[in-house]
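Shown next, in structure tokens, is the structure this report addresses.
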Amino acid sequence: MNTKQHNDKPEIILTGDRATGSLHLGHYVGSLKQRIALQADHEQTILVADMQGLTDNAHNPKKVSSNILNVVADYLAVGIDPSKTTICLQSQLPALAELTMYYSNLVTISRLERNPTVKSEIQNKGFERSIPAGFLTYPISQAADITGFNASLVPVGDDQLPMLEQTNEIVRKVNSLAGRNVLSECRPLLSNASRLPSTDGKNKMSKSMGNAINLGATEKEISAAVKLMYTDPNHLKVEDPGKIEGNVVFTYLDAFHSDQEYVKQLKEHYRRGGLGDGTTKKVLEECLQETLRPIRDRRRQFLNDKAQLVDILVKGSQVSRAKTSEVLFNVKDIFGLNLF
Ligand code: TRP
């Protein structure tokens, strides 16, 4: 992975997750694995985005508050190490909210309405004309998250690319106002693994749509999810030739099975005919059970010691408050607002 800048200084990395539910296998393949790899030799911060979580959950704030520690436990369970990665809580960093206010003056409503991710979220959530202002403007707050840490590299899924584009537009506006480069532009770090489909093969995996396998899923939940998984609808009899493309069972085998030579053989057999979905699902179930068992166990242990999780967030937020305040100071300076 080439993530070094020209001057060989490690890049600053910032990522975040909305605290609206436990993390799932899509997060694991799409971004968590990269974060684990990057933490050894980068300055990496992970932001638990509780305020962004509220932008479409203000009527049900418990959905956010009750998931903050779950998300932290998910991080630790997969191997994010708080001695290498700073884990902080968005609502504990007031500088980010202040930056959002300043940046809001540099972004038009029509630009926000054109953001493709926001657009499709508005549709999926059925907001129609009742879009919360906080929701429409969350890309601005995300720009504050990223620039608040001076991050140049953001490991995300491809649905987040429009946010980074908007962030860089804001960065350029701020820098042009300042007449010098006060903020750094950022670039995405996309995972090589293609996006993991939902278990029903229809949509993006979603914490709320019940088509994802959570990192803390029980044995029974994993088993039920695999049983319902979308395969090839035309593969009716075992002896029928089957299709691999769009067959979610094989996409997951590609992502998780440790013996890819064996997966290749399974695919050939499936294409020829003579291999039933029951069998491929059994192979996948075993593999997922094996992958998730240790993660689930560690997750449970971490959740048994909530004080430790809170302590990690307190320490991480303290470090992050210092960093984000410095950026805020520099941005306020551009507007001539550091009078005293
Ligand atoms: N929008 C991201 C998501 O839905 C969460 C997020 C908040 C984020 N702030 C961020 C991601 C900053 C990357 C950088 O998952």
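By convention here, the chains of the structure tokens are called A, B, ... in the order presented, each chain's residues are numbered starting at 1, and ligands are numbered starting at 1 in the order presented.
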
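For ligand 1, the protein and nucleic acid residues at most 8 Å away, judged by only C-alpha atoms and all ligand atoms, amount to A:Leu14, A:Thr15, A:Gly16, A:Asp17, A:Arg18, A:Leu47, A:Val48, A:Ala49, A:Gln52, A:Pro139, A:Ser141, A:Gln142, A:Ala143, A:Asp145, A:Ile146, A:Val154, A:Pro155, A:Val156, A:Gln160, A:Met163.
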
Quick one: residues within 8 Å of Asn115 in chain A, only C-alpha atoms counted, chain neighbours fewer than 3 positions away excluded, as a list in words?
Arg111, Leu112, Val118, Lys119, Pro162 and Met163 of chain A

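Of the listed residues A:Lys62, A:Val78, A:Asp240, A:Tyr102, the one whose atoms come nearest to Ile334 in chain A is A:Tyr102, with distances taken using only C-alpha atoms.
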
Using Å and a single decimal, report how far CA of His42 in chain A sits from CA of Arg299 in chain A.
24.7 Å

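Shortest separation to Glu268 in chain A among A:Ala97, A:Leu25, A:Ile244, A:Leu284 occurs at residue A:Ile244, atoms counted being only C-alpha atoms.
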
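Close contacts of Thr279 in chain A, defined as residues with an atom at most 12 Å away when counting only C-alpha atoms, with chain neighbours fewer than 3 positions off set aside, comprise Val226, Lys227, Val238, Val249, Phe250, Leu266, Lys267, His269, Tyr270, Gly274, Leu275, Gly276, Lys282, Val283, Leu284, Glu285 and Glu286 of chain A.
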
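The list of residues with at least one atom within 8 Å of range 314-322 of chain A, based on only C-alpha atoms and without residues fewer than 6 positions apart in the same chain, reads Thr86, Ile87, Cys88, Leu89, Gln92, Leu93, Pro94, Ala95 and Phe149 of chain A.
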
With N, CA, C and O atoms retained, write the just-selected residues as a PDB file, in the first residue's frame.
```
ATOM      1  N   THR A  86      -6.006   6.513  17.580  1.00  0.00           N
ATOM      2  CA  THR A  86      -6.803   7.341  18.497  1.00  0.00           C
ATOM      3  C   THR A  86      -8.282   7.136  18.171  1.00  0.00           C
ATOM      4  O   THR A  86      -8.692   7.304  17.027  1.00  0.00           O
ATOM      5  N   ILE A  87      -9.063   6.751  19.168  1.00  0.00           N
ATOM      6  CA  ILE A  87     -10.505   6.590  18.967  1.00  0.00           C
ATOM      7  C   ILE A  87     -11.197   7.709  19.751  1.00  0.00           C
ATOM      8  O   ILE A  87     -10.989   7.838  20.963  1.00  0.00           O
ATOM      9  N   CYS A  88     -11.966   8.538  19.059  1.00  0.00           N
ATOM     10  CA  CYS A  88     -12.581   9.672  19.755  1.00  0.00           C
ATOM     11  C   CYS A  88     -14.068   9.796  19.436  1.00  0.00           C
ATOM     12  O   CYS A  88     -14.573   9.144  18.522  1.00  0.00           O
ATOM     13  N   LEU A  89     -14.743  10.640  20.211  1.00  0.00           N
ATOM     14  CA  LEU A  89     -16.191  10.802  20.073  1.00  0.00           C
ATOM     15  C   LEU A  89     -16.485  12.197  19.518  1.00  0.00           C
ATOM     16  O   LEU A  89     -16.107  13.213  20.115  1.00  0.00           O
ATOM     17  N   GLN A  92     -17.722  15.185  21.512  1.00  0.00           N
ATOM     18  CA  GLN A  92     -16.795  15.715  22.522  1.00  0.00           C
ATOM     19  C   GLN A  92     -15.775  16.676  21.915  1.00  0.00           C
ATOM     20  O   GLN A  92     -14.861  17.124  22.597  1.00  0.00           O
ATOM     21  N   LEU A  93     -15.938  16.973  20.625  1.00  0.00           N
ATOM     22  CA  LEU A  93     -14.978  17.847  19.956  1.00  0.00           C
ATOM     23  C   LEU A  93     -15.694  19.082  19.420  1.00  0.00           C
ATOM     24  O   LEU A  93     -16.048  19.159  18.244  1.00  0.00           O
ATOM     25  N   PRO A  94     -15.926  20.066  20.295  1.00  0.00           N
ATOM     26  CA  PRO A  94     -16.705  21.235  19.877  1.00  0.00           C
ATOM     27  C   PRO A  94     -16.093  21.985  18.695  1.00  0.00           C
ATOM     28  O   PRO A  94     -16.811  22.634  17.941  1.00  0.00           O
ATOM     29  N   ALA A  95     -14.784  21.872  18.516  1.00  0.00           N
ATOM     30  CA  ALA A  95     -14.157  22.583  17.387  1.00  0.00           C
ATOM     31  C   ALA A  95     -14.756  22.106  16.057  1.00  0.00           C
ATOM     32  O   ALA A  95     -14.851  22.881  15.099  1.00  0.00           O
ATOM     33  N   PHE A 149      -8.686  17.377  11.487  1.00  0.00           N
ATOM     34  CA  PHE A 149      -7.501  16.596  11.857  1.00  0.00           C
ATOM     35  C   PHE A 149      -6.374  16.780  10.849  1.00  0.00           C
ATOM     36  O   PHE A 149      -5.365  16.103  10.927  1.00  0.00           O
TER      37      PHE A 149
END
```

Which residues are near Arg293 in chain A? Cut-off 12 Å, only C-alpha atoms, ignore same chain within fewer than 6 positions. Put them as a PDB file with C-alpha atoms, in the first residue's frame.
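Final output, saved to result_0.pdb:
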```pdb
ATOM      1  CA  ALA A  77     -12.675  -6.843  18.693  1.00  0.00           C
ATOM      2  CA  VAL A  78     -11.333  -6.795  15.134  1.00  0.00           C
ATOM      3  CA  ASN A 214     -23.063  -7.939  12.321  1.00  0.00           C
ATOM      4  CA  LEU A 215     -19.610  -8.516  13.764  1.00  0.00           C
ATOM      5  CA  GLY A 216     -21.284  -9.571  16.998  1.00  0.00           C
ATOM      6  CA  ALA A 217     -23.817 -11.870  15.307  1.00  0.00           C
ATOM      7  CA  THR A 218     -24.645 -15.034  17.242  1.00  0.00           C
ATOM      8  CA  GLU A 219     -24.086 -18.477  15.777  1.00  0.00           C
ATOM      9  CA  LYS A 220     -27.808 -18.729  15.108  1.00  0.00           C
ATOM     10  CA  ILE A 222     -25.084 -16.245  11.117  1.00  0.00           C
ATOM     11  CA  GLU A 285     -21.484 -20.952   7.060  1.00  0.00           C
ATOM     12  CA  GLU A 286     -18.546 -22.870   8.489  1.00  0.00           C
ATOM     13  CA  CYS A 287     -16.149 -20.237   7.243  1.00  0.00           C
ATOM     14  CA  ARG A 299     -16.472  -8.081  21.590  1.00  0.00           C
ATOM     15  CA  ARG A 300     -18.419  -9.585  24.476  1.00  0.00           C
TER      16      ARG A 300
END
```

What are the DSSP strand (DSSP E) residues of range 86-294 of chain A, as a list in words?
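Here are the strand (DSSP E) residues of range 86-294 of chain A: Thr86, Ile87, Cys88, Leu89, Leu153, Val154, Pro155, Arg187, Pro188 and Leu189 of chain A.
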
For range 176-193 of chain A: contacts at 10 Å, only C-alpha atoms, fewer than 5 positions along chain excluded, given as a PyMOL selection string:
chain A and resi 1+3+12-15+29-34+143+146-158+160-161+163-165+167-171+254-255+327+330-331+333-335

May I ask which of the residues A:Ser104, A:Lys204, A:Asn304, A:Ala73 is the closest one to Ser120 in chain A, counting only C-alpha atoms?
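Closest to Ser120 in chain A of all the choices is A:Lys204.
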
Closest of A:Ser83, A:Ser91, A:Gln301, A:Thr55 to Ile122 in chain A, counting only C-alpha atoms, is A:Thr55
